[in-house]
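structure.cif follows; it contains mmCIF, C-alpha atoms and all ligand atoms.
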```
data_model
loop_
_atom_site.group_PDB
_atom_site.id
_atom_site.type_symbol
_atom_site.label_atom_id
_atom_site.label_comp_id
_atom_site.auth_asym_id
_atom_site.auth_seq_id
_atom_site.Cartn_x
_atom_site.Cartn_y
_atom_site.Cartn_z
ATOM 1 C CA MET A 152 -30.240 -13.304 7.488
ATOM 2 C CA GLU A 153 -26.721 -14.340 8.335
ATOM 3 C CA THR A 154 -26.326 -13.873 12.070
ATOM 4 C CA GLU A 155 -22.938 -15.428 12.720
ATOM 5 C CA ALA A 156 -19.873 -13.279 12.333
ATOM 6 C CA PRO A 157 -17.626 -14.459 9.491
ATOM 7 C CA GLN A 158 -14.877 -16.789 10.618
ATOM 8 C CA HIS A 159 -11.481 -15.307 9.973
ATOM 9 C CA PRO A 160 -8.270 -17.333 9.821
ATOM 10 C CA PRO A 161 -5.571 -16.528 12.447
ATOM 11 C CA TRP A 162 -3.609 -14.524 9.878
ATOM 12 C CA TYR A 163 -6.591 -12.330 9.005
ATOM 13 C CA LEU A 164 -5.515 -8.711 8.806
ATOM 14 C CA GLU A 165 -8.039 -5.931 8.311
ATOM 15 C CA PRO A 166 -7.013 -3.417 5.612
ATOM 16 C CA PHE A 167 -6.966 0.252 6.619
ATOM 17 C CA GLU A 168 -9.211 2.815 4.928
ATOM 18 C CA GLY A 169 -7.610 3.714 1.581
ATOM 19 C CA GLU A 170 -4.509 1.589 2.207
ATOM 20 C CA SER A 171 -2.467 0.584 -0.837
ATOM 21 C CA ILE A 172 -2.068 -3.061 -1.775
ATOM 22 C CA SER A 173 1.706 -2.718 -1.491
ATOM 23 C CA HIS A 174 1.540 -1.487 2.089
ATOM 24 C CA TYR A 175 -1.126 -3.976 3.074
ATOM 25 C CA PHE A 176 0.789 -7.031 1.918
ATOM 26 C CA GLY A 177 3.979 -5.777 3.537
ATOM 27 C CA ARG A 178 2.126 -5.702 6.845
ATOM 28 C CA PHE A 179 0.516 -9.014 6.098
ATOM 29 C CA ARG A 180 3.834 -10.790 5.553
ATOM 30 C CA ARG A 181 5.410 -9.303 8.675
ATOM 31 C CA GLN A 182 2.807 -10.947 10.911
ATOM 32 C CA GLU A 183 4.312 -13.591 13.149
ATOM 33 C CA VAL A 184 1.885 -16.300 12.074
ATOM 34 C CA ILE A 185 2.956 -15.913 8.454
ATOM 35 C CA SER A 186 5.707 -18.159 7.135
ATOM 36 C CA VAL A 187 6.012 -16.619 3.668
ATOM 37 C CA SER A 188 8.175 -13.569 3.380
ATOM 38 C CA THR A 189 8.191 -12.643 -0.289
ATOM 39 C CA PRO A 190 5.448 -11.428 -2.616
ATOM 40 C CA SER A 191 6.191 -14.257 -5.031
ATOM 41 C CA SER A 192 5.794 -17.035 -2.461
ATOM 42 C CA LEU A 193 2.451 -15.626 -1.309
ATOM 43 C CA SER A 194 1.395 -15.136 -4.905
ATOM 44 C CA LYS A 195 2.309 -18.727 -5.722
ATOM 45 C CA ALA A 196 0.503 -20.027 -2.650
ATOM 46 C CA ALA A 197 -2.638 -18.339 -3.959
ATOM 47 C CA GLY A 198 -2.024 -19.883 -7.360
ATOM 48 C CA ILE A 199 -1.834 -16.561 -9.186
ATOM 49 C CA GLY A 200 1.733 -16.769 -10.492
ATOM 50 C CA THR A 201 3.696 -13.610 -9.767
ATOM 51 C CA ALA A 202 0.781 -11.186 -10.021
ATOM 52 C CA LEU A 203 1.116 -9.932 -6.450
ATOM 53 C CA SER A 204 4.737 -8.832 -6.975
ATOM 54 C CA ARG A 205 3.523 -6.744 -9.885
ATOM 55 C CA TRP A 206 0.657 -5.157 -7.932
ATOM 56 C CA GLU A 207 3.003 -4.323 -5.068
ATOM 57 C CA LYS A 208 5.030 -2.259 -7.527
ATOM 58 C CA PHE A 209 1.821 -0.498 -8.619
ATOM 59 C CA ARG A 210 1.810 -2.205 -11.992
ATOM 60 C CA PHE A 211 -1.816 -2.889 -12.800
ATOM 61 C CA ASN A 212 -1.589 -3.611 -16.473
ATOM 62 C CA PRO A 213 -3.293 -6.044 -16.764
ATOM 63 C CA ARG A 214 -5.610 -5.379 -13.850
ATOM 64 C CA PRO A 215 -6.298 -8.057 -11.233
ATOM 65 C CA THR A 216 -8.970 -10.405 -12.520
ATOM 66 C CA GLN A 217 -11.936 -11.530 -10.461
ATOM 67 C CA LYS A 218 -10.403 -15.007 -10.442
ATOM 68 C CA GLU A 219 -7.091 -13.742 -9.032
ATOM 69 C CA LEU A 220 -8.827 -11.677 -6.369
ATOM 70 C CA GLU A 221 -10.995 -14.642 -5.390
ATOM 71 C CA ALA A 222 -7.931 -16.898 -5.133
ATOM 72 C CA MET A 223 -6.149 -14.373 -2.900
ATOM 73 C CA SER A 224 -9.308 -13.831 -0.874
ATOM 74 C CA LYS A 225 -9.598 -17.552 -0.237
ATOM 75 C CA LEU A 226 -5.979 -17.771 0.901
ATOM 76 C CA ILE A 227 -5.878 -14.797 3.284
ATOM 77 C CA GLY A 228 -9.528 -14.559 4.323
ATOM 78 C CA VAL A 229 -10.076 -10.952 3.247
ATOM 79 C CA GLU A 230 -13.224 -10.338 1.199
ATOM 80 C CA VAL A 231 -12.833 -9.643 -2.537
ATOM 81 C CA ASN A 232 -14.354 -6.153 -2.271
ATOM 82 C CA LYS A 233 -11.796 -5.212 0.395
ATOM 83 C CA LEU A 234 -8.965 -6.483 -1.807
ATOM 84 C CA GLU A 235 -10.352 -4.468 -4.699
ATOM 85 C CA ALA A 236 -10.304 -1.355 -2.500
ATOM 86 C CA LEU A 237 -6.526 -1.788 -2.086
ATOM 87 C CA CYS A 238 -6.158 -1.434 -5.865
ATOM 88 C CA PRO A 239 -6.700 1.638 -8.056
ATOM 89 C CA PRO A 240 -10.172 2.089 -9.549
ATOM 90 C CA ASN A 241 -10.601 1.018 -13.153
ATOM 91 C CA GLY A 242 -9.003 3.405 -15.630
ATOM 92 C CA VAL A 243 -6.835 5.248 -13.098
ATOM 93 C CA ALA A 244 -3.214 5.548 -14.248
ATOM 94 C CA MET A 245 -0.581 4.874 -11.621
ATOM 95 C CA VAL A 246 2.796 6.343 -10.763
ATOM 96 C CA HIS A 247 5.178 3.408 -10.402
ATOM 97 C CA ARG A 248 8.610 4.951 -10.810
ATOM 98 C CA SER A 249 8.433 6.536 -7.389
ATOM 99 C CA THR A 250 6.599 6.043 -4.137
ATOM 100 C CA ARG A 251 4.765 9.129 -2.945
ATOM 101 C CA LEU A 252 3.968 10.231 0.556
ATOM 102 C CA CYS A 253 2.129 12.896 2.524
ATOM 103 C CA ALA A 254 4.073 12.879 5.771
ATOM 104 C CA VAL A 255 1.303 14.681 7.672
ATOM 105 C CA CYS A 256 -1.191 11.955 6.735
ATOM 106 C CA TYR A 257 1.433 9.407 7.710
ATOM 107 C CA ARG A 258 1.836 11.033 11.096
ATOM 108 C CA GLU A 259 -1.922 10.774 11.622
ATOM 109 C CA ALA A 260 -2.091 7.149 10.505
ATOM 110 C CA PRO A 261 1.132 5.405 9.475
ATOM 111 C CA TYR A 262 0.374 3.668 6.202
ATOM 112 C CA HIS A 263 0.631 4.301 2.466
ATOM 113 C CA ARG A 264 -2.586 5.458 0.743
ATOM 114 C CA ILE A 265 -3.347 4.037 -2.713
ATOM 115 C CA GLU A 266 -4.498 7.434 -4.001
ATOM 116 C CA TRP A 267 -0.987 8.875 -3.534
ATOM 117 C CA GLN A 268 0.055 6.756 -6.506
ATOM 118 C CA PHE A 269 -2.667 7.984 -8.864
ATOM 119 C CA GLN A 270 -1.105 10.032 -11.651
ATOM 120 C CA SER A 271 -3.978 12.484 -11.221
ATOM 121 C CA THR A 272 -3.092 13.093 -7.565
ATOM 122 C CA GLU A 273 -0.910 16.194 -7.370
ATOM 123 C CA GLY A 274 -0.910 16.608 -3.664
ATOM 124 C CA CYS A 275 -2.704 15.885 -0.432
ATOM 125 C CA GLU A 276 -6.035 17.687 -0.609
ATOM 126 C CA LYS A 277 -6.571 17.316 3.101
ATOM 127 C CA HIS A 278 -3.369 19.102 4.076
ATOM 128 C CA ARG A 279 -2.864 21.135 0.895
ATOM 129 C CA LEU A 280 0.666 19.793 0.579
ATOM 130 C CA ARG A 281 2.612 18.357 -2.317
ATOM 131 C CA LEU A 282 3.561 14.724 -2.002
ATOM 132 C CA ILE A 283 7.197 13.805 -1.583
ATOM 133 C CA SER A 284 8.975 10.898 -3.226
ATOM 134 C CA ARG A 285 12.502 11.442 -1.918
ATOM 135 C CA CYS A 286 13.953 11.850 1.547
ATOM 136 C CA PRO A 287 14.379 15.607 2.171
ATOM 137 C CA ALA A 288 17.555 14.968 4.166
ATOM 138 C CA CYS A 289 19.560 12.640 1.923
ATOM 139 C CA ASP A 290 17.597 12.483 -1.360
ATOM 140 C CA GLU A 291 17.156 8.703 -1.195
ATOM 141 C CA LYS A 292 13.968 7.524 -2.908
ATOM 142 C CA ILE A 293 11.062 6.644 -0.656
ATOM 143 C CA PRO A 294 10.972 2.828 -0.774
ATOM 144 C CA LEU A 295 8.035 0.806 -2.036
ATOM 145 C CA PRO A 296 5.369 0.663 0.699
ATOM 146 C CA PHE A 297 5.697 -3.082 1.346
ATOM 147 C CA GLU A 298 9.151 -2.224 2.755
ATOM 148 C CA TRP A 299 7.811 0.356 5.219
ATOM 149 C CA LYS A 300 8.605 -1.562 8.334
ATOM 150 C CA GLU A 301 10.170 1.229 10.357
ATOM 151 C CA GLY A 302 8.537 4.119 8.518
ATOM 152 C CA SER A 303 11.817 5.853 7.865
ATOM 153 C CA CYS A 304 14.388 6.533 5.165
ATOM 154 C CA GLN A 305 16.417 3.426 4.425
ATOM 155 C CA ARG A 306 19.625 5.412 3.985
ATOM 156 C CA CYS A 307 19.681 8.086 6.698
ATOM 157 C CA GLY A 308 16.909 6.906 8.991
ATOM 158 C CA MET A 309 14.854 10.105 8.909
ATOM 159 C CA LYS A 310 11.347 9.266 10.037
ATOM 160 C CA PHE A 311 8.581 9.715 7.457
ATOM 161 C CA SER A 312 6.591 11.600 10.095
ATOM 162 C CA SER A 313 9.436 14.154 10.393
ATOM 163 C CA MET A 314 9.440 14.817 6.655
ATOM 164 C CA ALA A 315 6.249 16.898 6.923
ATOM 165 C CA LYS A 316 8.058 20.160 7.548
ATOM 166 C CA ARG A 317 9.795 19.827 4.180
ATOM 167 C CA GLN A 318 6.615 19.415 2.150
ATOM 168 C CA LYS A 319 5.685 22.334 -0.065
ATOM 169 C CA LEU A 320 2.264 23.925 -0.144
ATOM 170 C CA TYR A 321 0.203 23.437 -3.261
ATOM 171 C CA ASP A 322 -2.866 25.276 -4.487
HETATM 172 ZN ZN ZN A 401 -1.947 14.681 3.964
HETATM 173 ZN ZN ZN A 402 17.311 9.936 4.043
#
```

Represent the supplied structure as structure tokens.
Amino acid sequence: METEAPQHPPWYLEPFEGESISHYFGRFRRQEVISVSTPSSLSKAAGIGTALSRWEKFRFNPRPTQKELEAMSKLIGVEVNKLEALCPPNGVAMVHRSTRLCAVCYREAPYHRIEWQFQSTEGCEKHRLRLISRCPACDEKIPLPFEWKEGSCQRCGMKFSSMAKRQKLYD
């Protein structure tokens, strides 16, 4: 039996439950100990070309290989199974033309959930609300999750958490 806790590097960042890869790596790069600021530089440091930039735009065709996940795991210290959990399950088609959001979920825990990008996801089952992909105040598109630093619309500044009242019910 392994008794010692795994040693994590100083830049180790625990993924949230159901977090999307795009949101996770945005947070990862904004850490103070991190010197890389773009998906491509991190991707190159892991030796996986530009794959990460693609994943952060929810483009999973082709899917991450075991080798790519292992290379990223080695670089950032997060276990392969946790990296896999940031990606869609095999065979799940993704929405990548827009970023979708349940603002009530966001208010409860401010991060982007991977399942919001599944084509099969019509709404938030927990809150029975349709997902939104544009700012209700100014119609600007919700940015890709790796850009969610402030958690607000990049044009008018409306907070994602305030967008809840504009979400429509779904049944
Ligand atoms: Zn919700
Ligand atoms: Zn706006």

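Among the candidate residues A:Lys277, A:Lys233, A:Arg306, A:His247, the one lying nearest to A:Asp290 is A:Arg306, with distances computed using only C-alpha atoms.
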
Expand the PyMOL selection byres (((chain A and resi 236) around 10) and not hetatm) into the individual residues it matches in the shown file, reporting them as an MDAnalysis selection string.
-> chainID A and resid 166:172 231:235 237:240 265

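When all atoms listed in the file are used to compute distances to A:Pro294, the closest of the residues A:Arg281, A:Cys256, A:Ile199, A:His174 turns out to be A:His174.
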
Residues within 12 Å of ligand ZN 401 (chain A), counting all atoms listed in the file, as a PyMOL selection string | chain A and resi 251-264+266-267+272-283+312+314-316+318-321

Those same residues - C-alpha atoms - I'd like them written as an mmCIF file, keeping the file's coordinate frame.
```
data_model
loop_
_atom_site.group_PDB
_atom_site.id
_atom_site.type_symbol
_atom_site.label_atom_id
_atom_site.label_comp_id
_atom_site.auth_asym_id
_atom_site.auth_seq_id
_atom_site.Cartn_x
_atom_site.Cartn_y
_atom_site.Cartn_z
ATOM 1 C CA ARG A 251 4.765 9.129 -2.945
ATOM 2 C CA LEU A 252 3.968 10.231 0.556
ATOM 3 C CA CYS A 253 2.129 12.896 2.524
ATOM 4 C CA ALA A 254 4.073 12.879 5.771
ATOM 5 C CA VAL A 255 1.303 14.681 7.672
ATOM 6 C CA CYS A 256 -1.191 11.955 6.735
ATOM 7 C CA TYR A 257 1.433 9.407 7.710
ATOM 8 C CA ARG A 258 1.836 11.033 11.096
ATOM 9 C CA GLU A 259 -1.922 10.774 11.622
ATOM 10 C CA ALA A 260 -2.091 7.149 10.505
ATOM 11 C CA PRO A 261 1.132 5.405 9.475
ATOM 12 C CA TYR A 262 0.374 3.668 6.202
ATOM 13 C CA HIS A 263 0.631 4.301 2.466
ATOM 14 C CA ARG A 264 -2.586 5.458 0.743
ATOM 15 C CA GLU A 266 -4.498 7.434 -4.001
ATOM 16 C CA TRP A 267 -0.987 8.875 -3.534
ATOM 17 C CA THR A 272 -3.092 13.093 -7.565
ATOM 18 C CA GLU A 273 -0.910 16.194 -7.370
ATOM 19 C CA GLY A 274 -0.910 16.608 -3.664
ATOM 20 C CA CYS A 275 -2.704 15.885 -0.432
ATOM 21 C CA GLU A 276 -6.035 17.687 -0.609
ATOM 22 C CA LYS A 277 -6.571 17.316 3.101
ATOM 23 C CA HIS A 278 -3.369 19.102 4.076
ATOM 24 C CA ARG A 279 -2.864 21.135 0.895
ATOM 25 C CA LEU A 280 0.666 19.793 0.579
ATOM 26 C CA ARG A 281 2.612 18.357 -2.317
ATOM 27 C CA LEU A 282 3.561 14.724 -2.002
ATOM 28 C CA ILE A 283 7.197 13.805 -1.583
ATOM 29 C CA SER A 312 6.591 11.600 10.095
ATOM 30 C CA MET A 314 9.440 14.817 6.655
ATOM 31 C CA ALA A 315 6.249 16.898 6.923
ATOM 32 C CA LYS A 316 8.058 20.160 7.548
ATOM 33 C CA GLN A 318 6.615 19.415 2.150
ATOM 34 C CA LYS A 319 5.685 22.334 -0.065
ATOM 35 C CA LEU A 320 2.264 23.925 -0.144
ATOM 36 C CA TYR A 321 0.203 23.437 -3.261
#
```

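Separating atom CA of A:Met245 from atom CA of A:Ser271 is a distance of 8.3 Å.
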
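The nearest approach to A:Gln182 among the residues A:Lys310, A:Arg317, A:Lys300, A:His159, with all atoms listed in the file taken into account, belongs to A:Lys300.
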
Can you list what the PyMOL selection byres (((chain A and resi 299) around 10) and not hetatm) grabs from this structure, as an MDAnalysis selection string?
-> chainID A and resid 173:174 177:178 261:263 293:298 300:305 311

Would you mind reading off the distance between atom CA of A:Lys218 and atom CA of A:Ser192, one decimal, in Å?
->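 Interatomic distance, atom CA of A:Lys218 to atom CA of A:Ser192: 18.2 Å.
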
By how many Å are atom CA of A:Ile185 and atom CA of A:Pro160 apart?
->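 Separation between atom CA of A:Ile185 and atom CA of A:Pro160: 11.4 Å.
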
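Nearest to ligand ZN 402 (chain A) of all the residues A:Cys289, A:Leu164, A:Val187, A:Val229 is A:Cys289, counting all atoms listed in the file.
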
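Selection by the PyMOL selection byres (((chain A and resi 211-214) around 9) and not hetatm) on the present file picks out Arg205, Trp206, Lys208, Phe209, Arg210, Pro215, Thr216, Cys238, Pro239, Asn241, Ala244 and Met245 of chain A.
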
Give the answer as one residue: which of A:Gly198, A:Glu230, A:Arg180, A:Leu220 has the shortest atom-to-atom distance to A:Gln158, using only C-alpha atoms?
-> A:Glu230

With all atoms listed in the file as the basis for distance, which of A:Thr250, A:Ser224, A:Ser313, A:Gln270 is at the shortest distance from A:Tyr163?
-> A:Ser224

Enclose the full set of atoms of stretch 244-249 of chain A listed in the file within a box whose edges lie along x, y and z, apply 3 Å of padding to each of the six sides, and report centre and edge lengths in Å to one decimal as lines of an AutoDock Vina configuration file.
```
center_x = 2.7
center_y = 5.0
center_z = -10.8
size_x = 17.8
size_y = 9.1
size_z = 12.9
```
